[in-house]
Amino acid sequence: MGNNGSTRGARKPSGKSSGSSSRKKPADGVSRRGLLIGGGAVAAAGTATVLARDKVKRLWWQVPGVEKPRKPGELDYAGATWVAASEANWRRADRPDDFTIDRVIIHVTQGSFASAVRVFQDPAHQAATHYIVGQDGRVVQMIRELDVAYQAGNRAYNERGVGIEHEGFVDRPKDLTKAMYESSARLTASICARHDIPVDREHIIGHVEVPGTDHTDPGPHWDWDRYMELVRRAATAPPSPSPTSSAKA
C-alpha cells in the first residue's frame, strides 16, 4: 500500500516530510492484523471488550479483502471530469464515517495539468490529490472524496482533508489565472457545503500550512484574500436554474 507522501508542489529548502506510513496502527491502537487473526484469541483471553462494536464498524474498511461497493467513474463534483489516479497513490476509506472531513488543502502542481494527471496515475509516485484545476478552469477528479489521498505528508491531515492541485509554478504569478481562481473557488465551496466545513482560513489551508510538511505551495503569489472572497461568494450564490424547455429549443 503506498506511503503517506506529499504531492508535487515546491519543497522547502531543507527538511523532510513527517507524514507517517499508512501501515501504522489506527488511532485506537487496534492493528489490521489484530482484526484479522486476533478475534478468537482476544475473546478467549477476556479482552474482547477493547474492540467496541462502533469501533469495529468504523474500522471494517481497513481489513484487507473487504470492498465497499463503488461505481466506476462516479463524481463528487458535477463540474469535474473523472480520471482515476493509481490505487498506489490513495487509500480506500469510508469518509466521513471513519474520518471527519474538515479541511480543504490547496496545492500548486509545479508542472502542467497533463504532467500532474500523468504522475498521479503512476503507482511509483505514491502521492496524489482528489482534484486538479487547470489554468483554463477545467477540473479533473482523480480520487473520491470518501477516500484518503496521499497528498500532504501528514497522515492526520490526509485523513481529514480534500486536496486540490492547481496547474502552474509557485514562482510564476501569471500561472494563477482568473479562470483557475473562480473554478477552484466553486469547487471548494461545493466541498465545504457537502461536508459542512466552515469557509475560513482555519479550514481552507495551503499545503505549506500542514504541520511537518517540506512544501511551500501554493506559494507567495497565491492571493488568499481574493480566493476566500470568491469561495464565500460561491458558497452563498443561489443554485443555477435548470434549463427550461423553451431555453433548450
# chains A, B, ... in the order shown; residues from 1 in each chain; ligands from 1

call {"tool": "residues_around", "arguments": {"residues": "A:Asn89", "least_positions_apart": "6", "cutoff": "8 Å", "atoms": "only C-alpha atoms", "output": "VMD selection string"}}
result
chain A and resid 2 to 3 120 123 125 to 128 149 to 150

call {"tool": "select_by_dssp", "arguments": {"residues": "stretch 119-169 of chain A", "states": "strand (DSSP E)", "output": "PyMOL selection string"}}
result
chain A and resi 131-133+139-141+148-149+161-166

call {"tool": "closest_residue", "arguments": {"among": "A:Ile101, A:Cys192, A:Pro198, A:Ala84", "to": "A:Val119", "atoms": "only C-alpha atoms"}}
result
A:Ala84

call {"tool": "closest_residue", "arguments": {"among": "A:Ala193, A:Val231, A:Ile143, A:Val133", "to": "A:Val162", "atoms": "only C-alpha atoms"}}
result
A:Ile143

call {"tool": "residues_around", "arguments": {"residues": "A:Arg160", "least_positions_apart": "6", "cutoff": "7 Å", "atoms": "only C-alpha atoms", "output": "PyMOL selection string"}}
result
chain A and resi 99-103

call {"tool": "write_last_selection", "arguments": {"atoms": "N, CA and C atoms", "output": "compact mmCIF listing (two decimals), in the first residue's frame"}}
result
# COMPACT_ATOMS: atom_id res chain seq x y z
N PHE A 99 -13.43 8.90 9.10
CA PHE A 99 -12.64 10.10 9.40
C PHE A 99 -13.47 11.32 9.01
N THR A 100 -13.58 12.28 9.91
CA THR A 100 -14.30 13.52 9.61
C THR A 100 -13.50 14.36 8.62
N ILE A 101 -14.17 14.86 7.60
CA ILE A 101 -13.53 15.75 6.62
C ILE A 101 -13.74 17.19 7.09
N ASP A 102 -12.66 17.89 7.43
CA ASP A 102 -12.81 19.26 7.94
C ASP A 102 -11.76 20.22 7.37
N ARG A 103 -11.09 19.82 6.29
CA ARG A 103 -10.09 20.68 5.67
C ARG A 103 -10.14 20.57 4.15

call {"tool": "atom_distance", "arguments": {"atom1": "atom CA of A:Leu146", "atom2": "atom CA of A:Ala78"}}
result
15.6 Å

call {"tool": "residues_around", "arguments": {"residues": "A:Lys178", "least_positions_apart": "6", "cutoff": "12 Å", "atoms": "only C-alpha atoms", "output": "VMD selection string"}}
result
chain A and resid 133 to 137 184 to 185 222 to 223 226 to 227 230

call {"tool": "write_last_selection", "arguments": {"atoms": "N, CA, C and O atoms", "output": "compact mmCIF listing (two decimals), in the first residue's frame"}}
result
# COMPACT_ATOMS: atom_id res chain seq x y z
N VAL A 133 -7.11 21.45 -10.86
CA VAL A 133 -7.76 22.55 -11.57
C VAL A 133 -6.75 23.16 -12.53
O VAL A 133 -5.61 23.48 -12.14
N GLY A 134 -7.13 23.30 -13.80
CA GLY A 134 -6.26 23.85 -14.80
C GLY A 134 -6.31 25.36 -14.88
O GLY A 134 -7.23 26.00 -14.36
N GLN A 135 -5.35 25.95 -15.57
CA GLN A 135 -5.33 27.39 -15.76
C GLN A 135 -6.54 27.87 -16.56
O GLN A 135 -6.94 29.03 -16.44
N ASP A 136 -7.13 26.97 -17.35
CA ASP A 136 -8.32 27.32 -18.12
C ASP A 136 -9.61 27.06 -17.34
O ASP A 136 -10.71 27.24 -17.86
N GLY A 137 -9.49 26.61 -16.09
CA GLY A 137 -10.65 26.39 -15.25
C GLY A 137 -11.20 24.97 -15.27
O GLY A 137 -12.10 24.65 -14.48
N SER A 184 -11.75 26.99 -9.07
CA SER A 184 -11.35 26.37 -7.82
C SER A 184 -12.23 26.82 -6.66
O SER A 184 -12.58 26.02 -5.79
N ALA A 185 -12.60 28.08 -6.65
CA ALA A 185 -13.46 28.60 -5.58
C ALA A 185 -14.82 27.92 -5.59
O ALA A 185 -15.37 27.58 -4.53
N TRP A 222 0.00 33.26 -4.33
CA TRP A 222 -1.40 32.86 -4.18
C TRP A 222 -2.13 33.93 -3.39
O TRP A 222 -1.75 34.26 -2.27
N ASP A 223 -3.20 34.48 -3.95
CA ASP A 223 -3.93 35.59 -3.33
C ASP A 223 -5.05 35.04 -2.46
O ASP A 223 -6.16 34.79 -2.93
N ARG A 226 -8.32 37.25 -2.17
CA ARG A 226 -9.13 37.11 -3.38
C ARG A 226 -9.83 35.75 -3.42
O ARG A 226 -11.03 35.66 -3.71
N TYR A 227 -9.06 34.72 -3.13
CA TYR A 227 -9.60 33.37 -3.21
C TYR A 227 -10.73 33.16 -2.20
O TYR A 227 -11.80 32.62 -2.55
N LEU A 230 -13.91 34.79 -3.25
CA LEU A 230 -14.56 34.02 -4.31
C LEU A 230 -15.26 32.78 -3.75
O LEU A 230 -16.36 32.43 -4.19

call {"tool": "select_by_dssp", "arguments": {"residues": "stretch 89-141 of chain A", "states": "alpha helix (DSSP H)", "output": "ChimeraX atom specification"}}
result
/A:113-120

call {"tool": "write_last_selection", "arguments": {"atoms": "N, CA, C and O atoms", "output": "PDB file, in the first residue's frame"}}
result
ATOM      1  N   PHE A 113      -0.834  20.745 -16.271  1.00  0.00           N
ATOM      2  CA  PHE A 113      -2.024  19.958 -15.955  1.00  0.00           C
ATOM      3  C   PHE A 113      -1.804  18.503 -16.369  1.00  0.00           C
ATOM      4  O   PHE A 113      -2.037  17.576 -15.591  1.00  0.00           O
ATOM      5  N   ALA A 114      -1.332  18.313 -17.595  1.00  0.00           N
ATOM      6  CA  ALA A 114      -1.134  16.960 -18.122  1.00  0.00           C
ATOM      7  C   ALA A 114      -0.100  16.184 -17.314  1.00  0.00           C
ATOM      8  O   ALA A 114      -0.266  14.982 -17.061  1.00  0.00           O
ATOM      9  N   SER A 115       0.974  16.862 -16.886  1.00  0.00           N
ATOM     10  CA  SER A 115       2.016  16.164 -16.135  1.00  0.00           C
ATOM     11  C   SER A 115       1.502  15.756 -14.757  1.00  0.00           C
ATOM     12  O   SER A 115       1.868  14.695 -14.237  1.00  0.00           O
ATOM     13  N   ALA A 116       0.637  16.586 -14.150  1.00  0.00           N
ATOM     14  CA  ALA A 116       0.067  16.240 -12.850  1.00  0.00           C
ATOM     15  C   ALA A 116      -0.833  15.020 -12.969  1.00  0.00           C
ATOM     16  O   ALA A 116      -0.771  14.100 -12.146  1.00  0.00           O
ATOM     17  N   VAL A 117      -1.670  14.997 -14.001  1.00  0.00           N
ATOM     18  CA  VAL A 117      -2.523  13.820 -14.229  1.00  0.00           C
ATOM     19  C   VAL A 117      -1.654  12.581 -14.414  1.00  0.00           C
ATOM     20  O   VAL A 117      -1.924  11.516 -13.832  1.00  0.00           O
ATOM     21  N   ARG A 118      -0.601  12.727 -15.187  1.00  0.00           N
ATOM     22  CA  ARG A 118       0.254  11.584 -15.509  1.00  0.00           C
ATOM     23  C   ARG A 118       0.932  11.024 -14.258  1.00  0.00           C
ATOM     24  O   ARG A 118       0.938   9.800 -14.054  1.00  0.00           O
ATOM     25  N   VAL A 119       1.474  11.883 -13.406  1.00  0.00           N
ATOM     26  CA  VAL A 119       2.179  11.363 -12.229  1.00  0.00           C
ATOM     27  C   VAL A 119       1.212  10.786 -11.208  1.00  0.00           C
ATOM     28  O   VAL A 119       1.545   9.842 -10.488  1.00  0.00           O
ATOM     29  N   PHE A 120      -0.022  11.309 -11.144  1.00  0.00           N
ATOM     30  CA  PHE A 120      -0.991  10.741 -10.219  1.00  0.00           C
ATOM     31  C   PHE A 120      -1.497   9.376 -10.694  1.00  0.00           C
ATOM     32  O   PHE A 120      -2.022   8.594  -9.906  1.00  0.00           O
TER      33      PHE A 120
END

call {"tool": "closest_residue", "arguments": {"among": "A:His130, A:Arg91, A:Arg155, A:His207", "to": "A:Ile191", "atoms": "only C-alpha atoms"}}
result
A:His130

call {"tool": "atom_distance", "arguments": {"atom1": "atom CA of A:Glu229", "atom2": "atom CA of A:Asp217"}}
result
19.7 Å

call {"tool": "closest_residue", "arguments": {"among": "A:Ala189, A:Pro220, A:Gln121, A:Thr129", "to": "A:Glu87", "atoms": "only C-alpha atoms"}}
result
A:Gln121

call {"tool": "residues_around", "arguments": {"residues": "stretch 165-176 of chain A", "least_positions_apart": "4", "cutoff": "7 Å", "atoms": "only C-alpha atoms", "output": "list in words"}}
result
Ala10, Ile106, His107, Val108, Thr109, Gln110, Gly111, Ser112, Phe113, Thr129, Tyr131, Ile132, Val133, Gly134, Gln135, Met180, Asp217, Pro218, Gly219 and His221 of chain A

call {"tool": "write_last_selection", "arguments": {"atoms": "all heavy atoms", "output": "compact mmCIF listing (two decimals), in the first residue's frame"}}
result
# COMPACT_ATOMS: atom_id res chain seq x y z
N ALA A 10 6.14 22.82 -4.69
CA ALA A 10 7.52 23.21 -4.38
C ALA A 10 7.87 22.85 -2.95
O ALA A 10 7.08 22.99 -2.03
CB ALA A 10 7.68 24.72 -4.58
N ILE A 106 -4.96 23.33 -0.34
CA ILE A 106 -4.64 23.93 -1.64
C ILE A 106 -3.19 23.67 -2.00
O ILE A 106 -2.27 23.95 -1.21
CB ILE A 106 -4.91 25.45 -1.60
CG1 ILE A 106 -6.37 25.73 -1.21
CG2 ILE A 106 -4.55 26.09 -2.94
CD1 ILE A 106 -7.39 25.17 -2.18
N HIS A 107 -2.98 23.13 -3.20
CA HIS A 107 -1.65 22.81 -3.72
C HIS A 107 -1.42 23.51 -5.06
O HIS A 107 -2.37 23.91 -5.72
CB HIS A 107 -1.51 21.30 -3.97
CG HIS A 107 -1.83 20.43 -2.80
ND1 HIS A 107 -0.86 19.80 -2.05
CD2 HIS A 107 -3.01 20.02 -2.27
CE1 HIS A 107 -1.42 19.07 -1.11
NE2 HIS A 107 -2.74 19.18 -1.22
N VAL A 108 -0.16 23.61 -5.45
CA VAL A 108 0.22 24.01 -6.81
C VAL A 108 1.11 22.90 -7.37
O VAL A 108 2.00 22.40 -6.68
CB VAL A 108 0.93 25.37 -6.83
CG1 VAL A 108 1.56 25.64 -8.19
CG2 VAL A 108 -0.07 26.48 -6.49
N THR A 109 0.88 22.52 -8.63
CA THR A 109 1.48 21.31 -9.19
C THR A 109 2.97 21.36 -9.42
O THR A 109 3.63 20.32 -9.46
CB THR A 109 0.83 20.98 -10.55
OG1 THR A 109 1.07 22.05 -11.46
CG2 THR A 109 -0.67 20.76 -10.40
N GLN A 110 3.54 22.56 -9.63
CA GLN A 110 4.92 22.68 -10.11
C GLN A 110 5.09 21.92 -11.43
O GLN A 110 6.07 21.20 -11.65
CB GLN A 110 5.92 22.15 -9.07
CG GLN A 110 6.05 23.03 -7.84
CD GLN A 110 6.53 24.43 -8.16
OE1 GLN A 110 5.74 25.37 -8.29
NE2 GLN A 110 7.84 24.59 -8.29
N GLY A 111 4.14 22.13 -12.32
CA GLY A 111 4.17 21.50 -13.62
C GLY A 111 2.86 21.76 -14.35
O GLY A 111 2.01 22.52 -13.88
N SER A 112 2.70 21.11 -15.48
CA SER A 112 1.50 21.30 -16.29
C SER A 112 0.35 20.44 -15.78
O SER A 112 0.53 19.52 -14.97
CB SER A 112 1.80 20.93 -17.74
OG SER A 112 2.01 19.52 -17.85
N PHE A 113 -0.83 20.75 -16.27
CA PHE A 113 -2.02 19.96 -15.95
C PHE A 113 -1.80 18.50 -16.37
O PHE A 113 -2.04 17.58 -15.59
CB PHE A 113 -3.23 20.55 -16.69
CG PHE A 113 -4.56 19.96 -16.32
CD1 PHE A 113 -5.35 20.56 -15.37
CD2 PHE A 113 -5.02 18.83 -16.97
CE1 PHE A 113 -6.60 20.02 -15.04
CE2 PHE A 113 -6.26 18.28 -16.66
CZ PHE A 113 -7.04 18.89 -15.70
N THR A 129 -3.71 14.13 -5.30
CA THR A 129 -4.79 14.87 -4.67
C THR A 129 -6.11 14.41 -5.26
O THR A 129 -6.15 13.72 -6.28
CB THR A 129 -4.64 16.39 -4.89
OG1 THR A 129 -4.55 16.65 -6.29
CG2 THR A 129 -3.41 16.94 -4.18
N TYR A 131 -8.43 16.39 -6.60
CA TYR A 131 -8.78 17.18 -7.77
C TYR A 131 -7.55 17.89 -8.33
O TYR A 131 -6.60 18.19 -7.60
CB TYR A 131 -9.81 18.26 -7.42
CG TYR A 131 -11.15 17.73 -6.96
CD1 TYR A 131 -11.42 17.58 -5.60
CD2 TYR A 131 -12.15 17.40 -7.87
CE1 TYR A 131 -12.66 17.11 -5.17
CE2 TYR A 131 -13.38 16.93 -7.45
CZ TYR A 131 -13.63 16.78 -6.10
OH TYR A 131 -14.85 16.31 -5.69
N ILE A 132 -7.61 18.21 -9.63
CA ILE A 132 -6.66 19.12 -10.27
C ILE A 132 -7.48 20.17 -11.01
O ILE A 132 -8.44 19.83 -11.72
CB ILE A 132 -5.74 18.41 -11.27
CG1 ILE A 132 -5.02 17.24 -10.61
CG2 ILE A 132 -4.73 19.40 -11.85
CD1 ILE A 132 -4.22 16.40 -11.60
N VAL A 133 -7.11 21.45 -10.86
CA VAL A 133 -7.76 22.55 -11.57
C VAL A 133 -6.75 23.16 -12.53
O VAL A 133 -5.61 23.48 -12.14
CB VAL A 133 -8.26 23.63 -10.59
CG1 VAL A 133 -8.92 24.78 -11.36
CG2 VAL A 133 -9.25 23.03 -9.60
N GLY A 134 -7.13 23.30 -13.80
CA GLY A 134 -6.26 23.85 -14.80
C GLY A 134 -6.31 25.36 -14.88
O GLY A 134 -7.23 26.00 -14.36
N GLN A 135 -5.35 25.95 -15.57
CA GLN A 135 -5.33 27.39 -15.76
C GLN A 135 -6.54 27.87 -16.56
O GLN A 135 -6.94 29.03 -16.44
CB GLN A 135 -4.03 27.81 -16.44
CG GLN A 135 -2.81 27.60 -15.56
CD GLN A 135 -1.51 27.92 -16.26
OE1 GLN A 135 -1.50 28.30 -17.43
NE2 GLN A 135 -0.40 27.74 -15.58
N MET A 180 -8.83 29.98 -13.24
CA MET A 180 -8.44 28.99 -12.23
C MET A 180 -8.99 29.35 -10.86
O MET A 180 -9.59 28.50 -10.17
CB MET A 180 -6.92 28.87 -12.17
CG MET A 180 -6.42 27.94 -11.07
SD MET A 180 -4.62 28.00 -10.87
CE MET A 180 -4.12 27.12 -12.34
N ASP A 217 4.00 25.27 -1.34
CA ASP A 217 2.85 25.67 -2.14
C ASP A 217 1.62 25.93 -1.26
O ASP A 217 1.51 25.35 -0.18
CB ASP A 217 2.55 24.62 -3.22
CG ASP A 217 2.36 23.21 -2.67
OD1 ASP A 217 3.18 22.77 -1.85
OD2 ASP A 217 1.39 22.55 -3.07
N PRO A 218 0.72 26.82 -1.68
CA PRO A 218 0.61 27.39 -3.02
C PRO A 218 1.52 28.59 -3.30
O PRO A 218 1.43 29.18 -4.37
CB PRO A 218 -0.85 27.81 -3.09
CG PRO A 218 -1.21 28.16 -1.69
CD PRO A 218 -0.46 27.16 -0.85
N GLY A 219 2.38 28.95 -2.38
CA GLY A 219 3.40 29.94 -2.65
C GLY A 219 2.99 31.37 -2.35
O GLY A 219 1.83 31.68 -2.07
N HIS A 221 2.60 33.99 -4.19
CA HIS A 221 1.76 34.71 -5.15
C HIS A 221 0.29 34.29 -5.10
O HIS A 221 -0.55 34.90 -5.77
CB HIS A 221 2.30 34.53 -6.57
CG HIS A 221 3.71 35.01 -6.73
ND1 HIS A 221 4.08 36.33 -6.56
CD2 HIS A 221 4.86 34.32 -7.02
CE1 HIS A 221 5.37 36.45 -6.76
NE2 HIS A 221 5.87 35.25 -7.02

call {"tool": "residues_around", "arguments": {"residues": "A:Ile105", "least_positions_apart": "6", "cutoff": "7 Å", "atoms": "only C-alpha atoms", "output": "list of chain:residue names"}}
result
A:Gly161, A:Val162, A:Gly163, A:Ile164, A:Ile204, A:Ile205, A:Gly206, A:His207

call {"tool": "atom_distance", "arguments": {"atom1": "atom CA of A:Thr177", "atom2": "atom CA of A:Asn154"}}
result
28.7 Å
